[in-house]
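For reference, protein_34.cif is printed below; it contains mmCIF, C-alpha atoms.
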data_entry
loop_
_atom_site.label_atom_id
_atom_site.label_comp_id
_atom_site.auth_asym_id
_atom_site.auth_seq_id
_atom_site.Cartn_x
_atom_site.Cartn_y
_atom_site.Cartn_z
CA MET A 128 -22.40 52.85 193.82
CA ASP A 129 -25.83 52.28 192.33
CA LEU A 130 -24.43 53.25 188.94
CA MET A 131 -21.66 50.67 189.22
CA HIS A 132 -24.16 48.03 190.29
CA GLU A 133 -26.38 48.87 187.34
CA LEU A 134 -23.42 48.69 184.95
CA TRP A 135 -22.47 45.29 186.36
CA LEU A 136 -26.01 43.94 186.00
CA GLY A 137 -26.05 45.06 182.36
CA SER A 138 -22.71 43.49 181.53
CA GLY A 139 -22.27 40.21 179.72
CA LEU A 140 -20.31 38.76 182.63
CA ALA A 141 -23.27 39.23 185.00
CA MET A 142 -25.58 37.45 182.53
CA LEU A 143 -23.14 34.65 181.72
CA THR A 144 -24.44 31.16 182.50
CA LEU A 145 -22.59 27.85 182.48
CA PRO A 146 -24.26 26.58 179.26
CA THR A 147 -23.44 29.84 177.50
CA PHE A 148 -19.83 29.67 178.71
CA ILE A 149 -19.56 26.12 177.35
CA MET A 150 -20.84 27.28 173.96
CA LEU A 151 -18.29 30.08 173.93
CA LEU A 152 -15.58 27.48 174.51
CA ILE A 153 -16.97 25.26 171.74
CA SER A 154 -17.00 28.23 169.38
CA CYS A 155 -13.38 28.97 170.27
CA LEU A 156 -12.55 25.31 169.61
CA LEU A 157 -14.02 25.55 166.10
CA ILE A 158 -11.93 28.66 165.46
CA TYR A 159 -8.83 26.86 166.77
CA LEU A 160 -9.43 23.86 164.49
CA ALA A 161 -9.84 26.21 161.52
CA VAL A 162 -6.78 28.39 162.25
CA ALA A 163 -4.31 25.98 163.86
CA LYS A 164 -5.29 22.71 162.16
CA SER A 165 -6.70 24.03 158.85
CA PHE A 166 -9.86 21.91 159.28
CA GLU A 167 -12.25 23.31 156.64
CA PRO A 168 -11.22 26.87 157.61
CA LEU A 169 -13.40 28.57 155.00
CA ILE A 170 -16.52 27.44 156.84
CA LEU A 171 -15.45 26.50 160.39
CA LEU A 172 -13.94 29.94 161.04
CA PRO A 173 -17.18 31.83 160.21
CA ILE A 174 -19.24 29.22 162.09
CA GLY A 175 -17.04 29.51 165.17
CA PHE A 176 -17.11 33.31 165.12
CA GLY A 177 -20.86 33.32 164.54
CA GLY A 178 -21.21 31.07 167.57
CA LEU A 179 -19.18 33.55 169.64
CA LEU A 180 -21.37 36.46 168.57
CA ALA A 181 -24.61 34.56 169.19
CA ASN A 182 -23.60 33.41 172.68
CA ILE A 183 -22.24 36.67 174.10
CA PRO A 184 -24.89 37.47 176.73
CA GLY A 185 -26.97 40.52 175.88
CA SER A 186 -25.43 41.05 172.44
CA GLN A 187 -28.77 40.59 170.63
CA ILE A 188 -26.96 40.21 167.30
CA ALA A 189 -28.65 36.86 166.70
CA ALA A 190 -31.97 37.89 168.28
CA GLU A 191 -34.93 39.05 166.21
CA GLY A 192 -33.94 42.24 164.44
CA GLY A 193 -30.19 41.60 164.74
CA LEU A 194 -27.79 41.19 161.82
CA LEU A 195 -27.32 37.43 162.20
CA TYR A 196 -31.07 36.97 162.56
CA PHE A 197 -31.58 38.41 159.08
CA VAL A 198 -28.67 36.38 157.71
CA GLN A 199 -30.40 33.24 158.98
CA GLU A 200 -33.82 34.28 157.73
CA ILE A 201 -32.67 35.29 154.25
CA GLY A 202 -29.94 32.79 153.49
CA ILE A 203 -30.35 29.68 155.62
CA ASP A 204 -34.00 29.25 156.55
CA THR A 205 -34.91 29.80 152.90
CA GLY A 206 -32.15 27.46 151.67
CA VAL A 207 -30.75 30.17 149.37
CA PHE A 208 -27.13 30.09 150.56
CA PRO A 209 -26.58 26.32 150.07
CA LEU A 210 -28.07 26.54 146.58
CA ILE A 211 -25.79 29.41 145.54
CA ILE A 212 -22.80 27.51 146.92
CA PHE A 213 -23.86 24.49 144.87
CA MET A 214 -23.80 26.71 141.78
CA GLY A 215 -20.25 27.76 142.63
CA VAL A 216 -19.21 24.15 143.20
CA GLY A 217 -20.68 23.25 139.82
CA ALA A 218 -18.64 26.02 138.19
CA MET A 219 -15.49 24.50 139.71
CA THR A 220 -16.35 20.90 138.75
CA ASP A 221 -14.95 18.89 135.86
CA PHE A 222 -17.20 15.99 134.88
CA GLY A 223 -14.42 14.63 132.62
CA PRO A 224 -13.07 11.88 134.94
CA MET A 225 -16.57 10.58 135.60
CA LEU A 226 -17.57 10.64 131.92
CA ALA A 227 -14.31 8.92 130.99
CA ASN A 228 -15.19 6.04 133.33
CA PRO A 229 -19.01 5.92 133.75
CA ARG A 230 -18.74 2.93 136.10
CA THR A 231 -17.70 5.35 138.83
CA LEU A 232 -21.31 6.54 138.96
CA PHE A 233 -22.10 3.28 140.78
CA LEU A 234 -19.41 4.03 143.34
CA GLY A 235 -20.88 7.47 143.99
CA ALA A 236 -24.29 5.89 144.43
CA ALA A 237 -22.96 3.17 146.73
CA ALA A 238 -21.46 5.73 149.10
CA GLN A 239 -24.96 7.05 149.79
CA VAL A 240 -25.86 3.79 151.55
CA GLY A 241 -24.63 5.34 154.78
CA ILE A 242 -27.30 8.04 154.52
CA PHE A 243 -30.21 5.63 154.40
CA LEU A 244 -28.81 3.23 156.99
CA THR A 245 -28.35 6.14 159.39
CA VAL A 246 -31.96 7.21 158.86
CA ILE A 247 -33.01 3.70 159.84
CA GLY A 248 -30.68 3.79 162.85
CA ALA A 249 -32.11 7.12 164.04
CA ILE A 250 -35.64 5.73 163.74
CA LEU A 251 -34.68 2.61 165.71
CA LEU A 252 -33.19 4.78 168.47
CA ASN A 253 -36.46 6.66 168.51
CA GLU A 254 -38.40 3.43 168.91
CA THR A 255 -36.31 2.43 171.93
CA GLY A 256 -37.26 5.64 173.68
CA ILE A 257 -33.60 6.67 174.07
CA LEU A 258 -34.12 9.68 171.79
CA SER A 259 -36.99 11.49 170.18
CA PHE A 260 -36.29 11.96 166.48
CA THR A 261 -39.01 12.43 163.88
CA LEU A 262 -38.62 10.99 160.39
CA GLN A 263 -37.69 14.46 159.18
CA ASP A 264 -35.01 14.73 161.89
CA ALA A 265 -33.64 11.31 160.94
CA ALA A 266 -33.39 12.33 157.28
CA ALA A 267 -31.56 15.56 158.12
CA ILE A 268 -29.10 13.59 160.29
CA GLY A 269 -28.59 10.84 157.72
CA ILE A 270 -27.60 13.26 154.97
CA ILE A 271 -24.44 14.06 156.99
CA GLY A 272 -23.11 10.77 155.63
CA GLY A 273 -22.76 12.32 152.20
CA ALA A 274 -20.00 14.58 153.60
CA ASP A 275 -21.55 17.46 151.68
CA GLY A 276 -22.04 20.51 153.91
CA PRO A 277 -24.32 22.60 151.63
CA THR A 278 -26.57 19.60 150.95
CA ALA A 279 -26.79 18.77 154.66
CA ILE A 280 -27.69 22.37 155.54
CA TYR A 281 -30.25 22.55 152.73
CA VAL A 282 -32.01 19.35 153.80
CA ALA A 283 -31.99 20.44 157.45
CA SER A 284 -33.42 23.86 156.53
CA VAL A 285 -36.29 22.15 154.73
CA LEU A 286 -37.01 19.19 157.03
CA ALA A 287 -35.58 20.02 160.48
CA PRO A 288 -34.63 23.72 160.90
CA GLU A 289 -34.03 23.28 164.63
CA LEU A 290 -31.16 20.88 163.88
CA ILE A 291 -29.26 23.09 161.41
CA GLY A 292 -26.51 24.02 163.89
CA ALA A 293 -25.70 20.46 164.96
CA VAL A 294 -26.05 19.04 161.44
CA ALA A 295 -23.79 21.72 159.92
CA VAL A 296 -21.09 21.36 162.56
CA ALA A 297 -21.14 17.56 162.19
CA ALA A 298 -21.10 17.65 158.37
CA TYR A 299 -18.21 20.09 158.07
CA SER A 300 -16.28 18.49 160.92
CA TYR A 301 -16.36 15.10 159.21
CA MET A 302 -15.44 16.69 155.88
CA ALA A 303 -12.40 18.15 157.62
CA LEU A 304 -11.56 14.81 159.23
CA VAL A 305 -11.62 12.82 155.98
CA PRO A 306 -7.80 12.28 156.09
CA LEU A 307 -8.15 10.74 159.56
CA ILE A 308 -11.37 8.76 159.22
CA GLN A 309 -11.14 7.19 155.77
CA PRO A 310 -7.64 5.59 155.55
CA PRO A 311 -8.19 3.02 158.38
CA ILE A 312 -11.51 1.93 156.84
CA MET A 313 -9.95 1.67 153.38
CA LYS A 314 -7.01 -0.41 154.63
CA ILE A 315 -9.17 -2.78 156.69
CA LEU A 316 -11.38 -3.59 153.68
CA THR A 317 -8.63 -4.04 151.08
CA THR A 318 -5.47 -6.08 150.67
CA GLU A 319 -2.04 -4.71 149.75
CA LYS A 320 -2.45 -6.28 146.31
CA GLU A 321 -5.78 -4.58 145.73
CA ARG A 322 -4.42 -1.20 146.82
CA SER A 323 -1.58 -1.61 144.32
CA ILE A 324 -3.87 -2.06 141.29
CA VAL A 325 -2.85 0.35 138.53
CA MET A 326 -5.81 1.64 136.53
CA LEU A 327 -5.82 2.33 132.79
CA GLN A 328 -5.30 5.90 131.65
CA LEU A 329 -8.57 7.81 131.25
CA ARG A 330 -9.73 8.71 127.75
CA ASP A 331 -10.04 12.30 126.65
CA VAL A 332 -13.57 13.66 127.07
CA SER A 333 -14.72 16.10 124.39
CA GLN A 334 -16.03 19.56 125.17
CA THR A 335 -19.33 18.62 123.53
CA GLU A 336 -19.80 15.77 126.01
CA LYS A 337 -19.08 18.12 128.90
CA ILE A 338 -21.67 20.62 127.66
CA ILE A 339 -24.38 18.03 126.99
CA PHE A 340 -23.96 16.11 130.26
CA PRO A 341 -25.24 18.75 132.75
CA LEU A 342 -28.27 19.36 130.51
CA LEU A 343 -28.93 15.63 130.24
CA LEU A 344 -28.45 15.13 133.98
CA LEU A 345 -30.84 17.93 134.85
CA GLY A 346 -33.42 16.65 132.38
CA LEU A 347 -33.38 13.15 133.87
CA VAL A 348 -33.53 14.41 137.45
CA ALA A 349 -36.27 16.95 136.77
CA LEU A 350 -38.45 14.29 135.14
CA LEU A 351 -37.84 11.50 137.67
CA LEU A 352 -37.26 13.39 140.92
CA PRO A 353 -38.36 17.05 140.79
CA SER A 354 -37.56 17.60 144.49
CA ALA A 355 -33.83 17.21 143.70
CA THR A 356 -34.00 19.91 141.01
CA PRO A 357 -33.03 22.90 143.21
CA LEU A 358 -29.70 21.37 144.25
CA LEU A 359 -28.78 19.65 141.00
CA GLY A 360 -30.23 22.48 138.94
CA MET A 361 -27.87 25.04 140.45
CA PHE A 362 -24.99 22.55 140.27
CA CYS A 363 -25.60 21.88 136.57
CA PHE A 364 -26.07 25.58 135.81
CA GLY A 365 -22.73 26.43 137.38
CA ASN A 366 -21.05 23.64 135.43
CA LEU A 367 -22.66 24.68 132.15
CA MET A 368 -21.38 28.25 132.62
CA LYS A 369 -17.87 26.84 133.00
CA GLU A 370 -17.93 24.33 130.16
CA SER A 371 -19.76 26.48 127.60
CA GLY A 372 -16.87 28.96 127.61
CA VAL A 373 -19.12 31.85 126.56
CA VAL A 374 -19.76 33.39 129.99
CA LYS A 375 -16.31 33.35 131.56
CA ARG A 376 -17.04 36.39 133.73
CA LEU A 377 -20.14 34.74 135.19
CA SER A 378 -18.27 31.49 135.74
CA ASP A 379 -15.39 33.29 137.44
CA THR A 380 -17.83 35.17 139.67
CA ALA A 381 -19.61 31.96 140.66
CA GLN A 382 -16.29 30.25 141.41
CA ASN A 383 -14.72 33.10 143.36
CA SER A 384 -16.34 36.28 144.66
CA LEU A 385 -19.95 35.06 144.85
CA ILE A 386 -19.23 31.73 146.53
CA ASN A 387 -16.85 33.44 148.96
CA ILE A 388 -19.42 36.06 149.98
CA VAL A 389 -22.14 33.45 150.45
CA THR A 390 -19.78 31.17 152.41
CA ILE A 391 -19.19 34.00 154.90
CA GLY A 392 -22.94 34.47 155.31
CA LEU A 393 -23.58 30.74 155.55
CA GLY A 394 -20.93 30.27 158.23
CA LEU A 395 -22.07 33.21 160.36
CA GLY A 396 -25.71 32.18 160.00
CA VAL A 397 -25.03 28.60 161.03
CA GLY A 398 -22.88 29.83 163.92
CA ALA A 399 -25.81 31.93 165.10
CA LYS A 400 -27.75 28.68 165.44
CA LEU A 401 -25.28 27.43 168.05
CA GLU A 402 -27.13 28.86 171.00
CA ALA A 403 -26.69 26.95 174.24
CA SER A 404 -30.38 26.13 174.66
CA GLU A 405 -30.51 24.44 171.24
CA PHE A 406 -27.04 22.93 170.93
CA LEU A 407 -26.21 21.57 174.39
CA THR A 408 -28.58 18.63 174.33
CA PHE A 409 -28.26 14.86 174.32
CA SER A 410 -29.72 14.91 170.81
CA THR A 411 -26.73 16.91 169.55
CA ILE A 412 -24.30 14.28 170.86
CA ALA A 413 -26.41 11.59 169.17
CA ILE A 414 -26.34 13.57 165.90
CA LEU A 415 -22.54 13.73 166.01
CA PHE A 416 -22.25 9.97 166.55
CA LEU A 417 -24.88 9.12 163.93
CA GLY A 418 -23.15 11.43 161.45
CA MET A 419 -19.86 9.62 162.05
CA PHE A 420 -21.63 6.27 161.53
CA ALA A 421 -23.16 7.50 158.27
CA PHE A 422 -19.81 8.73 156.96
CA ALA A 423 -17.99 5.52 157.89
CA ILE A 424 -20.67 3.32 156.30
CA GLY A 425 -20.65 5.41 153.14
CA THR A 426 -16.88 5.04 152.84
CA ALA A 427 -17.03 1.30 153.42
CA ALA A 428 -19.91 0.81 150.96
CA GLY A 429 -18.00 2.53 148.17
CA VAL A 430 -14.93 0.32 148.70
CA LEU A 431 -16.99 -2.88 148.89
CA ILE A 432 -18.96 -2.10 145.73
CA ALA A 433 -15.68 -1.46 143.90
CA LYS A 434 -14.46 -4.89 145.03
CA PHE A 435 -17.72 -6.44 143.81
CA MET A 436 -17.38 -4.72 140.44
CA ASN A 437 -13.88 -6.17 140.12
CA ALA A 438 -15.31 -9.65 140.66
CA ILE A 439 -17.67 -9.31 137.67
CA SER A 440 -15.56 -7.14 135.36
CA LYS A 441 -12.47 -7.81 133.24
CA THR A 442 -11.19 -4.25 133.66
CA PRO A 443 -10.02 -3.90 137.25
CA LEU A 444 -10.74 -0.93 139.48
CA ASN A 445 -8.56 -0.02 142.40
CA PRO A 446 -11.13 -0.46 145.20
CA LEU A 447 -9.67 2.52 147.04
CA ILE A 448 -11.42 4.88 144.64
CA GLY A 449 -14.75 3.69 146.03
CA ALA A 450 -13.99 5.65 149.21
CA ALA A 451 -14.07 8.84 147.14
CA GLY A 452 -17.78 8.25 146.53
CA VAL A 453 -18.54 10.55 149.45
CA SER A 454 -18.99 14.17 148.41
CA ALA A 455 -15.96 15.71 150.11
CA VAL A 456 -14.51 17.19 146.91
CA PRO A 457 -11.57 17.00 146.27
CA MET A 458 -10.28 15.96 149.71
CA ALA A 459 -11.56 12.39 149.51
CA ALA A 460 -9.90 11.93 146.11
CA ARG A 461 -6.61 13.26 147.50
CA VAL A 462 -6.80 10.81 150.41
CA VAL A 463 -7.38 7.94 147.97
CA ASN A 464 -4.35 9.03 145.96
CA LYS A 465 -2.20 9.22 149.11
CA VAL A 466 -3.18 5.74 150.34
CA GLY A 467 -2.66 4.31 146.85
CA LEU A 468 0.86 5.76 146.65
CA GLU A 469 1.73 4.15 149.97
CA SER A 470 1.20 0.73 148.36
CA ASN A 471 2.58 1.54 144.93
CA LYS A 472 4.72 4.63 144.37
CA ASN A 473 3.83 4.64 140.67
CA ASN A 474 0.08 4.40 141.25
CA HIS A 475 -1.48 7.83 140.83
CA LEU A 476 -5.20 7.54 141.51
CA LEU A 477 -6.21 11.20 141.86
CA MET A 478 -7.99 11.63 138.53
CA HIS A 479 -9.53 8.16 138.75
CA ALA A 480 -10.86 8.99 142.21
CA MET A 481 -12.36 12.28 141.00
CA GLY A 482 -14.90 10.24 139.03
CA PRO A 483 -16.66 8.72 142.06
CA ASN A 484 -16.02 11.94 143.99
CA ILE A 485 -18.11 13.97 141.53
CA ALA A 486 -20.62 11.12 141.28
CA GLY A 487 -20.94 11.35 145.06
CA VAL A 488 -21.99 15.00 144.79
CA ILE A 489 -24.71 13.97 142.35
CA GLY A 490 -25.66 11.02 144.57
CA SER A 491 -26.00 13.11 147.72
CA ALA A 492 -28.17 15.65 145.87
CA VAL A 493 -30.41 12.85 144.60
CA ALA A 494 -30.58 11.33 148.10
CA ALA A 495 -31.57 14.75 149.43
CA GLY A 496 -34.29 14.96 146.79
CA VAL A 497 -35.62 11.53 147.80
CA MET A 498 -35.76 12.55 151.47
CA ILE A 499 -37.56 15.80 150.73
CA HIS A 500 -39.98 14.13 148.30
CA PHE A 501 -41.18 11.53 150.78
CA LEU A 502 -40.97 13.48 154.06
CA LEU A 503 -41.90 17.08 153.30
#
Could I get this file's structure written as structure tokens?
Amino acid sequence: MDLMHELWLGSGLAMLTLPTFIMLLISCLLIYLAVAKSFEPLILLPIGFGGLLANIPGSQIAAEGGLLYFVQEIGIDTGVFPLIIFMGVGAMTDFGPMLANPRTLFLGAAAQVGIFLTVIGAILLNETGILSFTLQDAAAIGIIGGADGPTAIYVASVLAPELIGAVAVAAYSYMALVPLIQPPIMKILTTEKERSIVMLQLRDVSQTEKIIFPLLLLGLVALLLPSATPLLGMFCFGNLMKESGVVKRLSDTAQNSLINIVTIGLGLGVGAKLEASEFLTFSTIAILFLGMFAFAIGTAAGVLIAKFMNAISKTPLNPLIGAAGVSAVPMAARVVNKVGLESNKNNHLLMHAMGPNIAGVIGSAVAAGVMIHFLL
């Protein structure tokens, strides 16, 4: 009898608390969204499963000395995993659409407005006494608006490590919800006539231009904003491997096996941060709402700047492509193309939208560098 009692006391069921049970349900929800709804499955599935492992009472897998503890220490707390993923993203990126229409750089920059407005909003909430966010916390929350998961995790690891779990879940959730969030905003801010604008065919971009651009971009960033160099440096390196054509094996590795391995580690490590004591707080709910605000404002800003550019330019832009200025590559561009086709069945905007989409990746990395420069 004593043996049975001792076994019961040592079981996970005996140690299960209500907050832990809630986190187990939340982790299962993330897995469900990944498997049943295909919402960013490559990252939400590992995050959800990591959350399950971390919240099983007595498992110790996320405690000091456990496997997930070392995954966090090595890959997330150091910022290594997001940087390697950025290298892989760079190796999969084609700067051609952006170079063919340089004006789209402004649209990528405009979409970052949501980041800075959200930082201000978080600070104002702090001043009211409703919440207690530091400037570093506000910056980590604001970067969610870029819809760039690796960048959000990297900034949080540097400025607000305690918020990594909530920031990562919010960032990847909103990336997954791009097809639901963006179209209503795009349609409210544009007319049927504007959505039907057919853009001129993009010019061919030479291989020389594609090789020079990442080097030029890195040089400008390194000189003007050194704190953005880690993110953009890895991004440009990955892209240079692809465009140079002389290291195909390295490029293929960065695009496939390496990024896949690191994504598994990143997801499990972030999931291990979803412990009940850290995640089930009023601050987490506020982070989710502020992240949504940042993403919505970024989408709207891109569309509005495109409309403004049309007012001062003779070559019209379809303002829908401004919504692709957020960094959700290539999902935001696909959404733009879909909404454009609804207004004009002959209006294919995918490649045009990839310009601001790639510019948004650069913009979010620069915004991250600005945050780190002033707040670290």
Hey, what comes out of the PyMOL selection byres ((chain A and resi 278) around 10) on this file? Could you write it as a compact mmCIF listing (two decimals) with C-alpha atoms, keeping the file's coordinate frame?
# COMPACT_ATOMS: atom_id res chain seq x y z
CA GLY A 206 -32.15 27.46 151.67
CA PRO A 209 -26.58 26.32 150.07
CA LEU A 210 -28.07 26.54 146.58
CA ILE A 212 -22.80 27.51 146.92
CA PHE A 213 -23.86 24.49 144.87
CA ALA A 267 -31.56 15.56 158.12
CA ILE A 270 -27.60 13.26 154.97
CA ILE A 271 -24.44 14.06 156.99
CA GLY A 273 -22.76 12.32 152.20
CA ALA A 274 -20.00 14.58 153.60
CA ASP A 275 -21.55 17.46 151.68
CA GLY A 276 -22.04 20.51 153.91
CA PRO A 277 -24.32 22.60 151.63
CA ALA A 279 -26.79 18.77 154.66
CA ILE A 280 -27.69 22.37 155.54
CA TYR A 281 -30.25 22.55 152.73
CA VAL A 282 -32.01 19.35 153.80
CA ALA A 283 -31.99 20.44 157.45
CA SER A 284 -33.42 23.86 156.53
CA ALA A 295 -23.79 21.72 159.92
CA ALA A 298 -21.10 17.65 158.37
CA LEU A 358 -29.70 21.37 144.25
CA SER A 454 -18.99 14.17 148.41
CA VAL A 488 -21.99 15.00 144.79
CA SER A 491 -26.00 13.11 147.72
CA ALA A 492 -28.17 15.65 145.87
CA ALA A 494 -30.58 11.33 148.10
CA ALA A 495 -31.57 14.75 149.43
CA GLY A 496 -34.29 14.96 146.79
Given all atoms listed in the file as the counted atoms, nearest of A:Leu468, A:Ile485, A:Leu352, A:Thr317 to A:Phe435: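 The answer is A:Thr317, which sits nearest to A:Phe435.
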Considering all atoms listed in the file, return as a PDB file with C-alpha atoms, in the coordinates of the input whatever protein or nucleic-acid residues lie within 12 Å of A:Ala451, sequence-local ones (same chain, fewer than 5 positions apart) excluded.
ATOM      1  CA  MET A 225     -16.570  10.580 135.600  1.00  0.00           C
ATOM      2  CA  THR A 231     -17.700   5.350 138.830  1.00  0.00           C
ATOM      3  CA  LEU A 232     -21.310   6.540 138.960  1.00  0.00           C
ATOM      4  CA  PHE A 233     -22.100   3.280 140.780  1.00  0.00           C
ATOM      5  CA  LEU A 234     -19.410   4.030 143.340  1.00  0.00           C
ATOM      6  CA  GLY A 235     -20.880   7.470 143.990  1.00  0.00           C
ATOM      7  CA  ALA A 236     -24.290   5.890 144.430  1.00  0.00           C
ATOM      8  CA  ALA A 237     -22.960   3.170 146.730  1.00  0.00           C
ATOM      9  CA  ALA A 238     -21.460   5.730 149.100  1.00  0.00           C
ATOM     10  CA  GLN A 239     -24.960   7.050 149.790  1.00  0.00           C
ATOM     11  CA  GLY A 273     -22.760  12.320 152.200  1.00  0.00           C
ATOM     12  CA  ALA A 274     -20.000  14.580 153.600  1.00  0.00           C
ATOM     13  CA  MET A 302     -15.440  16.690 155.880  1.00  0.00           C
ATOM     14  CA  VAL A 305     -11.620  12.820 155.980  1.00  0.00           C
ATOM     15  CA  PRO A 306      -7.800  12.280 156.090  1.00  0.00           C
ATOM     16  CA  GLN A 309     -11.140   7.190 155.770  1.00  0.00           C
ATOM     17  CA  PRO A 310      -7.640   5.590 155.550  1.00  0.00           C
ATOM     18  CA  MET A 313      -9.950   1.670 153.380  1.00  0.00           C
ATOM     19  CA  PHE A 422     -19.810   8.730 156.960  1.00  0.00           C
ATOM     20  CA  ALA A 423     -17.990   5.520 157.890  1.00  0.00           C
ATOM     21  CA  GLY A 425     -20.650   5.410 153.140  1.00  0.00           C
ATOM     22  CA  THR A 426     -16.880   5.040 152.840  1.00  0.00           C
ATOM     23  CA  ALA A 427     -17.030   1.300 153.420  1.00  0.00           C
ATOM     24  CA  ALA A 428     -19.910   0.810 150.960  1.00  0.00           C
ATOM     25  CA  GLY A 429     -18.000   2.530 148.170  1.00  0.00           C
ATOM     26  CA  VAL A 430     -14.930   0.320 148.700  1.00  0.00           C
ATOM     27  CA  ALA A 433     -15.680  -1.460 143.900  1.00  0.00           C
ATOM     28  CA  ASN A 445      -8.560  -0.020 142.400  1.00  0.00           C
ATOM     29  CA  PRO A 446     -11.130  -0.460 145.200  1.00  0.00           C
ATOM     30  CA  VAL A 456     -14.510  17.190 146.910  1.00  0.00           C
ATOM     31  CA  PRO A 457     -11.570  17.000 146.270  1.00  0.00           C
ATOM     32  CA  MET A 458     -10.280  15.960 149.710  1.00  0.00           C
ATOM     33  CA  ALA A 459     -11.560  12.390 149.510  1.00  0.00           C
ATOM     34  CA  ALA A 460      -9.900  11.930 146.110  1.00  0.00           C
ATOM     35  CA  ARG A 461      -6.610  13.260 147.500  1.00  0.00           C
ATOM     36  CA  VAL A 462      -6.800  10.810 150.410  1.00  0.00           C
ATOM     37  CA  VAL A 463      -7.380   7.940 147.970  1.00  0.00           C
ATOM     38  CA  ASN A 464      -4.350   9.030 145.960  1.00  0.00           C
ATOM     39  CA  VAL A 466      -3.180   5.740 150.340  1.00  0.00           C
ATOM     40  CA  LEU A 476      -5.200   7.540 141.510  1.00  0.00           C
ATOM     41  CA  LEU A 477      -6.210  11.200 141.860  1.00  0.00           C
ATOM     42  CA  MET A 478      -7.990  11.630 138.530  1.00  0.00           C
ATOM     43  CA  HIS A 479      -9.530   8.160 138.750  1.00  0.00           C
ATOM     44  CA  ALA A 480     -10.860   8.990 142.210  1.00  0.00           C
ATOM     45  CA  MET A 481     -12.360  12.280 141.000  1.00  0.00           C
ATOM     46  CA  GLY A 482     -14.900  10.240 139.030  1.00  0.00           C
ATOM     47  CA  PRO A 483     -16.660   8.720 142.060  1.00  0.00           C
ATOM     48  CA  ASN A 484     -16.020  11.940 143.990  1.00  0.00           C
ATOM     49  CA  ILE A 485     -18.110  13.970 141.530  1.00  0.00           C
ATOM     50  CA  ALA A 486     -20.620  11.120 141.280  1.00  0.00           C
ATOM     51  CA  GLY A 487     -20.940  11.350 145.060  1.00  0.00           C
ATOM     52  CA  VAL A 488     -21.990  15.000 144.790  1.00  0.00           C
TER      53      VAL A 488
END
Option closest in space to A:Lys434, from A:Leu316, A:Gln334, A:Glu167, A:Gly398 [counting all atoms listed in the file]: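 Answer, going by the shortest atom-to-atom distance: A:Leu316.
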Any idea what's packed within 12 Å of A:Ile257, counting only C-alpha atoms, ignoring anything in its chain fewer than 5 positions away? Could you give it as number ranges by chain? A: 248-252, 409-410, 413
Residue IDs satisfying the PyMOL selection byres ((chain A and resi 146-153) around 8), as a ChimeraX atom specification: /A:143-145,154-157,175,178-179,182-184,401-404,407
Take atom CA of A:Gly365 and atom CA of A:Ile499 and report the distance between them in Å, one decimal.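 A separation of 22.6 Å between them.
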Residues matched by the PyMOL selection byres ((chain A and resi 390) around 8), written as a PyMOL selection string: chain A and resi 169-170+208+212+386-389+391-394
Between atom CA of A:Ala266 and atom CA of A:Leu344, what is the distance in Å, rounded to a tenth? 24.0 Å
One number please: atom CA of A:Leu286 to atom CA of A:Val207, in Å, one decimal.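 Separating atom CA of A:Leu286 from atom CA of A:Val207 is a distance of 14.8 Å.
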Using all atoms listed in the file, pick whichever of A:Asp204, A:Asp331, A:Glu191, A:Glu336 has the shortest atom-to-atom distance to A:Gly292.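 For A:Gly292, the nearest of the given residues is A:Asp204.
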